[in-house]
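K.L.:
Got a file for you: my_file_22.tsv, TSV, C-alpha atoms.
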```
chain	number	residue	atom	x	y	z
A	19	MET	CA	0.00	0.00	0.00
A	20	THR	CA	2.86	2.41	0.76
A	21	ALA	CA	4.38	1.91	-2.69
A	22	MET	CA	1.06	2.60	-4.34
A	23	SER	CA	0.59	5.86	-2.42
A	24	ASP	CA	4.15	6.91	-3.36
A	25	VAL	CA	3.42	6.32	-7.04
A	26	THR	CA	0.15	8.23	-6.74
A	27	VAL	CA	1.87	11.22	-5.16
A	28	LEU	CA	4.61	11.16	-7.82
A	29	LEU	CA	2.05	11.04	-10.64
A	30	LEU	CA	0.02	13.82	-9.07
A	31	THR	CA	3.13	15.96	-8.69
A	32	PHE	CA	4.17	15.26	-12.28
A	33	PHE	CA	0.79	16.26	-13.69
A	34	MET	CA	0.62	19.40	-11.56
A	35	LEU	CA	4.06	20.56	-12.66
A	36	THR	CA	3.62	19.83	-16.36
A	37	SER	CA	0.10	21.19	-16.83
A	38	THR	CA	-0.71	24.65	-18.11
A	39	PHE	CA	-3.35	26.68	-16.34
A	40	VAL	CA	-6.32	28.21	-18.10
A	41	GLN	CA	-6.17	31.98	-17.88
A	42	LYS	CA	-9.02	33.77	-16.18
A	43	GLU	CA	-11.37	35.44	-18.65
A	44	PRO	CA	-13.38	38.58	-17.86
A	45	VAL	CA	-16.70	37.09	-19.04
A	46	LYS	CA	-18.10	33.59	-19.47
A	47	VAL	CA	-18.43	32.63	-23.11
A	48	ASN	CA	-20.21	29.55	-24.44
A	49	THR	CA	-18.51	28.84	-27.75
A	50	PRO	CA	-20.43	27.20	-30.60
A	51	ALA	CA	-19.84	23.54	-31.40
A	52	SER	CA	-17.69	22.46	-34.31
A	53	VAL	CA	-16.22	19.32	-35.86
A	54	SER	CA	-12.83	20.89	-36.49
A	55	GLU	CA	-10.00	19.43	-34.45
A	56	ILE	CA	-7.25	21.91	-35.32
A	57	LYS	CA	-5.45	23.02	-32.18
A	58	ILE	CA	-4.49	26.64	-31.68
A	59	PRO	CA	-0.85	27.07	-30.62
A	60	ASP	CA	-0.05	28.02	-27.03
A	61	ILE	CA	2.33	30.88	-27.81
A	62	ASN	CA	2.11	34.06	-29.89
A	63	ILE	CA	-1.66	34.30	-29.53
A	64	LEU	CA	-3.84	37.39	-29.52
A	65	GLN	CA	-7.24	36.25	-28.34
A	66	ILE	CA	-10.29	38.38	-29.08
A	67	LEU	CA	-13.08	37.55	-26.64
A	68	VAL	CA	-16.61	38.71	-27.54
A	69	ASN	CA	-19.42	38.39	-25.02
A	70	PRO	CA	-23.11	37.98	-25.99
A	71	SER	CA	-23.75	41.73	-25.87
A	72	GLY	CA	-20.82	42.41	-28.23
A	73	LYS	CA	-18.29	43.79	-25.76
A	74	ILE	CA	-14.70	43.06	-26.83
A	75	PHE	CA	-11.82	41.96	-24.61
A	76	LEU	CA	-8.26	41.14	-25.66
A	77	SER	CA	-5.56	38.96	-24.24
A	78	LEU	CA	-1.92	38.78	-25.30
A	79	ASP	CA	0.14	35.84	-24.09
A	80	LYS	CA	3.54	37.59	-23.86
A	81	GLN	CA	3.91	40.04	-20.99
A	82	GLU	CA	6.60	42.11	-22.69
A	83	ASP	CA	4.36	42.56	-25.73
A	84	ARG	CA	1.54	43.77	-23.49
A	85	MET	CA	3.70	46.56	-22.07
A	86	GLU	CA	4.94	47.74	-25.46
A	87	VAL	CA	1.47	47.64	-27.01
A	88	LEU	CA	-0.01	49.66	-24.12
A	89	GLN	CA	2.70	52.29	-24.54
A	90	LYS	CA	2.08	52.56	-28.30
A	91	VAL	CA	-1.71	52.73	-27.98
A	92	GLY	CA	-1.29	55.33	-25.22
A	93	GLU	CA	0.96	57.41	-27.49
A	94	GLU	CA	-1.74	57.26	-30.18
A	95	TYR	CA	-4.18	58.91	-27.76
A	96	GLY	CA	-1.65	61.17	-26.00
A	97	ILE	CA	-1.59	59.17	-22.77
A	98	VAL	CA	1.68	58.39	-20.99
A	99	PHE	CA	1.76	55.46	-18.59
A	100	SER	CA	4.10	55.31	-15.61
A	101	PRO	CA	6.43	52.32	-15.07
A	102	GLU	CA	4.17	51.16	-12.20
A	103	GLU	CA	1.11	51.22	-14.46
A	104	LEU	CA	3.00	49.34	-17.17
A	105	GLN	CA	4.04	46.75	-14.61
A	106	LYS	CA	0.43	46.30	-13.46
A	107	PHE	CA	-0.76	45.98	-17.06
A	108	LYS	CA	1.94	43.41	-17.74
A	109	LEU	CA	0.38	41.12	-15.10
A	110	ILE	CA	-3.21	41.39	-16.39
A	111	SER	CA	-4.13	38.39	-18.54
A	112	SER	CA	-7.19	39.96	-20.24
A	113	PHE	CA	-8.14	43.58	-20.71
A	114	GLY	CA	-11.04	45.41	-22.23
A	115	VAL	CA	-11.53	49.01	-21.23
A	116	PRO	CA	-11.36	52.14	-23.39
A	117	ILE	CA	-7.83	53.56	-23.43
A	118	GLN	CA	-9.09	56.78	-21.82
A	119	SER	CA	-10.18	54.71	-18.76
A	120	MET	CA	-7.05	52.54	-18.60
A	121	LYS	CA	-5.27	54.65	-15.94
A	122	GLN	CA	-8.31	54.46	-13.63
A	123	PHE	CA	-8.65	50.73	-14.34
A	124	LEU	CA	-5.00	50.06	-13.46
A	125	ALA	CA	-5.35	52.09	-10.25
A	126	LEU	CA	-8.03	49.67	-9.01
A	127	SER	CA	-6.86	46.53	-7.27
A	128	GLU	CA	-9.64	44.11	-6.27
A	129	GLN	CA	-12.40	45.89	-8.20
A	130	GLN	CA	-10.83	45.19	-11.62
A	131	ASP	CA	-12.61	41.84	-11.96
A	132	LYS	CA	-15.96	43.44	-11.14
A	133	LEU	CA	-15.51	46.41	-13.49
A	134	LEU	CA	-14.16	44.53	-16.50
A	135	PRO	CA	-17.34	42.65	-17.64
A	136	ASP	CA	-19.21	45.96	-17.96
A	137	ALA	CA	-16.48	47.67	-19.99
A	138	GLY	CA	-15.21	46.58	-23.42
A	139	ILE	CA	-12.92	47.97	-26.09
A	140	PRO	CA	-14.77	50.32	-28.46
A	141	CYS	CA	-15.16	49.00	-32.01
A	142	ASP	CA	-17.49	51.45	-33.68
A	143	SER	CA	-17.14	53.76	-36.65
A	144	THR	CA	-16.42	56.88	-34.59
A	145	ASP	CA	-13.87	55.42	-32.16
A	146	ASN	CA	-12.41	52.09	-33.29
A	147	GLN	CA	-9.81	51.49	-30.57
A	148	PHE	CA	-10.00	47.78	-31.35
A	149	LYS	CA	-8.23	48.38	-34.68
A	150	ILE	CA	-5.44	50.32	-32.98
A	151	TRP	CA	-4.87	47.55	-30.40
A	152	ILE	CA	-4.69	44.93	-33.17
A	153	ARG	CA	-2.40	47.04	-35.36
A	154	GLU	CA	0.03	47.79	-32.54
A	155	SER	CA	-0.01	44.17	-31.39
A	156	ARG	CA	0.88	43.00	-34.89
A	157	ILE	CA	3.66	45.58	-35.18
A	158	GLN	CA	5.07	44.41	-31.85
A	159	ASN	CA	4.95	40.70	-32.73
A	160	LYS	CA	4.97	39.74	-36.41
A	161	GLU	CA	4.36	36.05	-35.63
A	162	LEU	CA	1.18	36.76	-33.68
A	163	ARG	CA	-1.80	34.48	-34.41
A	164	ILE	CA	-5.24	36.00	-33.99
A	165	ALA	CA	-8.03	33.91	-32.47
A	166	ILE	CA	-11.64	35.01	-32.06
A	167	LYS	CA	-13.62	33.47	-29.22
A	168	ALA	CA	-17.25	34.54	-29.30
A	169	ASP	CA	-20.37	33.38	-27.52
A	170	GLN	CA	-22.76	31.30	-29.59
A	171	THR	CA	-25.54	33.84	-28.92
A	172	THR	CA	-23.52	36.87	-30.02
A	173	PRO	CA	-25.36	38.54	-32.93
A	174	TYR	CA	-23.72	38.04	-36.31
A	175	PRO	CA	-23.40	41.80	-37.08
A	176	MET	CA	-21.11	42.14	-34.04
A	177	ILE	CA	-18.79	39.39	-35.29
A	178	LYS	CA	-18.94	40.79	-38.82
A	179	GLY	CA	-17.85	44.19	-37.46
A	180	ILE	CA	-14.82	42.58	-35.84
A	181	MET	CA	-13.95	40.69	-39.01
A	182	THR	CA	-14.35	43.87	-41.08
A	183	SER	CA	-11.97	45.71	-38.75
A	184	LEU	CA	-9.46	42.89	-39.15
A	185	GLN	CA	-9.83	43.01	-42.94
A	186	ASP	CA	-9.26	46.78	-42.90
A	187	LEU	CA	-5.88	45.99	-41.30
A	188	ARG	CA	-5.23	43.29	-43.93
A	189	GLU	CA	-5.49	40.63	-41.25
A	190	ASN	CA	-7.25	37.96	-43.27
A	191	ARG	CA	-6.03	34.92	-41.34
A	192	TYR	CA	-7.49	34.24	-37.93
A	193	ASN	CA	-8.87	31.31	-36.01
A	194	LEU	CA	-12.35	30.92	-34.59
A	195	ILE	CA	-12.34	29.14	-31.24
A	196	THR	CA	-15.11	26.55	-30.88
A	197	SER	CA	-15.90	23.81	-28.44
```
Could I get this structure in the form of C-alpha cells?

P.N.:
Amino acid sequence: MTAMSDVTVLLLTFFMLTSTFVQKEPVKVNTPASVSEIKIPDINILQILVNPSGKIFLSLDKQEDRMEVLQKVGEEYGIVFSPEELQKFKLISSFGVPIQSMKQFLALSEQQDKLLPDAGIPCDSTDNQFKIWIRESRIQNKELRIAIKADQTTPYPMIKGIMTSLQDLRENRYNLITS
C-alpha cells in the first residue's frame, strides 16, 4: 500500500508541474460547437473575446508585448503610462476598457474583476480602438496568431464588425475558437 501511495503522489506531482493553467477570462463565453480538431498554438496568440452583448476583450500571451502595445496605444491617444502602471498591465491576462479609462482601471486593485465585464474595447465607426490595439499588437509581434472566441448567442453583425476591422488591417487569417 505504501508503494502505491508513493506512485500516486509522484504522478500527481508530475501532472501538476507539467500542466498549463487556463487563464481567467473577464466574461463567461459559451462557444459554438464544431467538428474541427485543429489546435491553436499556445504561444504568440492574440485572443479576441466577444461576449453575448458584443463587448470586446483582448488577451496577449507575452507580458513584454503587453507593455509595449499599451505604450504605443497610449501614445496614439496622448496618454503616458508610468512604469508602475505598465508593470500592473503586464500582469493582467485579459483587458477590455477604453484607453481613456485605462489609468483608472489600473489604479483599481480588487475591483478590476468586477468592473471589466461591464467595460469593453470600443469598435465602432467613430472610435475604433479595437483596430489600434490589433495594429500595434501585430507591429510588436509579427508572428502573432489572432483567435476570435465569441459566444454562440452573439449577434452576427457584431462578429462581422470585428472581421471587417481585421480586414481593414489586412489581417485575413485568424482562427475561430469553438468547443

K.L.:
When you look at A:Lys46 with a cut-off of 10 Å (counting all atoms listed in the file), what residues show up, excluding the ones that are within fewer than 3 positions of it in the same chain? I need them as a PDB file with C-alpha atoms, in the coordinates of the input.

P.N.:
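File part-v9.pdb, as written:
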```pdb
ATOM      1  CA  LYS A  42      -9.020  33.770 -16.180  1.00  0.00           C
ATOM      2  CA  GLU A  43     -11.370  35.440 -18.650  1.00  0.00           C
ATOM      3  CA  THR A  49     -18.510  28.840 -27.750  1.00  0.00           C
ATOM      4  CA  LEU A  67     -13.080  37.550 -26.640  1.00  0.00           C
ATOM      5  CA  VAL A  68     -16.610  38.710 -27.540  1.00  0.00           C
ATOM      6  CA  ASN A  69     -19.420  38.390 -25.020  1.00  0.00           C
ATOM      7  CA  PRO A  70     -23.110  37.980 -25.990  1.00  0.00           C
ATOM      8  CA  PRO A 135     -17.340  42.650 -17.640  1.00  0.00           C
ATOM      9  CA  ALA A 168     -17.250  34.540 -29.300  1.00  0.00           C
ATOM     10  CA  ASP A 169     -20.370  33.380 -27.520  1.00  0.00           C
TER      11      ASP A 169
END
```

K.L.:
Hey, which of A:Lys73, A:Lys57, A:Lys121, A:Arg153 ends up closest to A:Lys90? Count all atoms listed in the file.

P.N.:
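When distances to A:Lys90 are compared using all atoms listed in the file, the smallest one comes from A:Arg153.
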
K.L.:
Here is a test: counting all atoms listed in the file, which residue of A:Gln185, A:Gln89, A:Thr196, A:Asn190 is nearest to A:Lys167?

P.N.:
A:Thr196

K.L.:
Measuring between all atoms listed in the file, which one of A:Ile164, A:Leu134, A:Val91, A:Thr171 shows the shortest distance to A:Asp60?

P.N.:
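Among the listed residues, the smallest separation from A:Asp60 belongs to A:Ile164.
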
K.L.:
From the set A:Glu103, A:Leu162, A:Ser183, A:Phe113, which residue has the shortest atom-to-atom contact distance to A:Pro59, counting all atoms listed in the file?

P.N.:
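Looking at the shortest contact to A:Pro59, the residue is A:Leu162.
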
K.L.:
Would you mind telling me which residue in A:Gly72, A:Pro116, A:Pro173, A:Gly179 lies nearest to A:Asp145 when using all atoms listed in the file?

P.N.:
A:Pro116

K.L.:
Could you check the closest approach to A:Cys141 for each of A:Val47, A:Gly114, A:Met22, A:Gln129 and tell me which residue wins, using only C-alpha atoms?

P.N.:
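Going through A:Val47, A:Gly114, A:Met22, A:Gln129 one by one, the smallest distance to A:Cys141 is for A:Gly114.
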
K.L.:
Quick one: everything within 10 Å of A:Tyr192, counting only C-alpha atoms, minus sequence neighbours fewer than 5 positions away in the same chain. Send it as a PDB file with C-alpha atoms, in the coordinates of the input.

P.N.:
```
ATOM      1  CA  LEU A  64      -3.840  37.390 -29.520  1.00  0.00           C
ATOM      2  CA  GLN A  65      -7.240  36.250 -28.340  1.00  0.00           C
ATOM      3  CA  LEU A 162       1.180  36.760 -33.680  1.00  0.00           C
ATOM      4  CA  ARG A 163      -1.800  34.480 -34.410  1.00  0.00           C
ATOM      5  CA  ILE A 164      -5.240  36.000 -33.990  1.00  0.00           C
ATOM      6  CA  ALA A 165      -8.030  33.910 -32.470  1.00  0.00           C
ATOM      7  CA  ILE A 166     -11.640  35.010 -32.060  1.00  0.00           C
ATOM      8  CA  MET A 181     -13.950  40.690 -39.010  1.00  0.00           C
ATOM      9  CA  LEU A 184      -9.460  42.890 -39.150  1.00  0.00           C
TER      10      LEU A 184
END
```

K.L.:
Would you mind reading off the distance between atom CA of A:Ile152 and atom CA of A:Pro140, one decimal, in Å?

P.N.:
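Taking atom CA of A:Ile152 as the start and atom CA of A:Pro140 as the end point, the length is 12.4 Å.
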
K.L.:
For atom CA of A:Ile117 and atom CA of A:Phe75, determine how far apart the two atoms are, in Å to one decimal place.

P.N.:
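Atom CA of A:Phe75 lies 12.3 Å from atom CA of A:Ile117.
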
K.L.:
Could you state the separation of atom CA of A:Ser77 and atom CA of A:Ser100 in Å, given to one decimal place?

P.N.:
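Interatomic distance here is 20.9 Å.
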
K.L.:
Take the point (-1.5, 47.7, -30.9) as written in the file and pick out every residue within 9 Å of it, counting all atoms listed in the file; give the list as a list in words.

P.N.:
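Here the neighbourhood of the point contains Arg84, Glu86, Val87, Leu88, Gln89, Lys90, Val91, Phe148, Lys149, Ile150, Trp151, Ile152, Arg153, Glu154, Ser155, Arg156, Ile157 and Gln158 of chain A.
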
K.L.:
Please reconstruct the missing atoms of stretch 152-163 of chain A (target: all heavy atoms) and return them as a compact mmCIF listing (two decimals), in the frame of the given file.

P.N.:
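Contents of part25.txt, freshly written:
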```
# COMPACT_ATOMS: atom_id res chain seq x y z
N ILE A 152 -5.11 46.03 -32.28
CA ILE A 152 -4.69 44.93 -33.17
C ILE A 152 -3.48 45.36 -33.98
O ILE A 152 -2.50 44.61 -34.10
CB ILE A 152 -5.85 44.50 -34.10
CG1 ILE A 152 -7.04 44.00 -33.30
CG2 ILE A 152 -5.39 43.46 -35.10
CD1 ILE A 152 -6.81 42.74 -32.52
N ARG A 153 -3.52 46.56 -34.54
CA ARG A 153 -2.40 47.04 -35.36
C ARG A 153 -1.11 47.10 -34.55
O ARG A 153 -0.07 46.60 -34.99
CB ARG A 153 -2.74 48.42 -35.93
CG ARG A 153 -1.66 48.95 -36.88
CD ARG A 153 -1.92 50.36 -37.32
NE ARG A 153 -1.71 51.23 -36.17
CZ ARG A 153 -2.43 52.32 -35.93
NH1 ARG A 153 -3.41 52.68 -36.72
NH2 ARG A 153 -2.17 53.06 -34.86
N GLU A 154 -1.17 47.67 -33.36
CA GLU A 154 0.03 47.79 -32.54
C GLU A 154 0.52 46.43 -32.05
O GLU A 154 1.72 46.21 -31.92
CB GLU A 154 -0.22 48.73 -31.36
CG GLU A 154 -0.47 50.18 -31.75
CD GLU A 154 0.68 50.80 -32.53
OE1 GLU A 154 1.84 50.39 -32.36
OE2 GLU A 154 0.41 51.73 -33.32
N SER A 155 -0.41 45.52 -31.79
CA SER A 155 -0.01 44.17 -31.39
C SER A 155 0.72 43.46 -32.52
O SER A 155 1.72 42.78 -32.30
CB SER A 155 -1.24 43.34 -30.99
OG SER A 155 -1.90 43.92 -29.91
N ARG A 156 0.23 43.63 -33.72
CA ARG A 156 0.88 43.00 -34.89
C ARG A 156 2.24 43.62 -35.17
O ARG A 156 3.18 42.92 -35.53
CB ARG A 156 -0.04 43.11 -36.10
CG ARG A 156 0.55 42.55 -37.37
CD ARG A 156 0.90 41.11 -37.23
NE ARG A 156 -0.26 40.31 -37.50
CZ ARG A 156 -0.28 39.00 -37.44
NH1 ARG A 156 0.81 38.35 -37.14
NH2 ARG A 156 -1.36 38.34 -37.68
N ILE A 157 2.37 44.92 -34.99
CA ILE A 157 3.66 45.58 -35.18
C ILE A 157 4.66 45.07 -34.16
O ILE A 157 5.82 44.81 -34.48
CB ILE A 157 3.51 47.12 -35.09
CG1 ILE A 157 2.75 47.64 -36.32
CG2 ILE A 157 4.86 47.80 -34.97
CD1 ILE A 157 2.35 49.10 -36.22
N GLN A 158 4.20 44.88 -32.92
CA GLN A 158 5.07 44.41 -31.85
C GLN A 158 5.52 42.97 -32.06
O GLN A 158 6.65 42.62 -31.79
CB GLN A 158 4.35 44.54 -30.50
CG GLN A 158 5.18 44.14 -29.31
CD GLN A 158 6.42 45.00 -29.15
OE1 GLN A 158 6.41 46.17 -29.48
NE2 GLN A 158 7.48 44.42 -28.66
N ASN A 159 4.63 42.11 -32.55
CA ASN A 159 4.95 40.70 -32.73
C ASN A 159 4.44 40.24 -34.09
O ASN A 159 3.24 40.02 -34.28
CB ASN A 159 4.31 39.87 -31.61
CG ASN A 159 4.71 38.42 -31.65
OD1 ASN A 159 5.32 37.95 -32.60
ND2 ASN A 159 4.36 37.69 -30.61
N LYS A 160 5.34 40.11 -35.04
CA LYS A 160 4.97 39.74 -36.41
C LYS A 160 4.41 38.32 -36.52
O LYS A 160 3.68 38.01 -37.43
CB LYS A 160 6.18 39.87 -37.34
CG LYS A 160 6.81 41.22 -37.35
CD LYS A 160 6.09 42.16 -38.25
CE LYS A 160 6.87 43.45 -38.36
NZ LYS A 160 6.04 44.60 -38.30
N GLU A 161 4.79 37.45 -35.57
CA GLU A 161 4.36 36.05 -35.63
C GLU A 161 3.06 35.80 -34.86
O GLU A 161 2.67 34.66 -34.65
CB GLU A 161 5.47 35.16 -35.07
CG GLU A 161 6.74 35.23 -35.88
CD GLU A 161 7.87 34.46 -35.24
OE1 GLU A 161 7.64 33.73 -34.25
OE2 GLU A 161 8.99 34.59 -35.73
N LEU A 162 2.39 36.85 -34.48
CA LEU A 162 1.18 36.76 -33.68
C LEU A 162 0.06 36.07 -34.46
O LEU A 162 -0.16 36.38 -35.63
CB LEU A 162 0.74 38.16 -33.28
CG LEU A 162 -0.19 38.33 -32.12
CD1 LEU A 162 0.47 37.84 -30.85
CD2 LEU A 162 -0.56 39.78 -31.98
N ARG A 163 -0.63 35.14 -33.82
CA ARG A 163 -1.80 34.48 -34.41
C ARG A 163 -3.04 35.05 -33.73
O ARG A 163 -3.09 35.15 -32.52
CB ARG A 163 -1.75 32.97 -34.18
CG ARG A 163 -0.49 32.33 -34.67
CD ARG A 163 -0.53 31.49 -35.91
NE ARG A 163 -1.74 30.91 -36.33
CZ ARG A 163 -1.92 29.59 -36.50
NH1 ARG A 163 -0.97 28.75 -36.20
NH2 ARG A 163 -3.05 29.14 -36.97
```
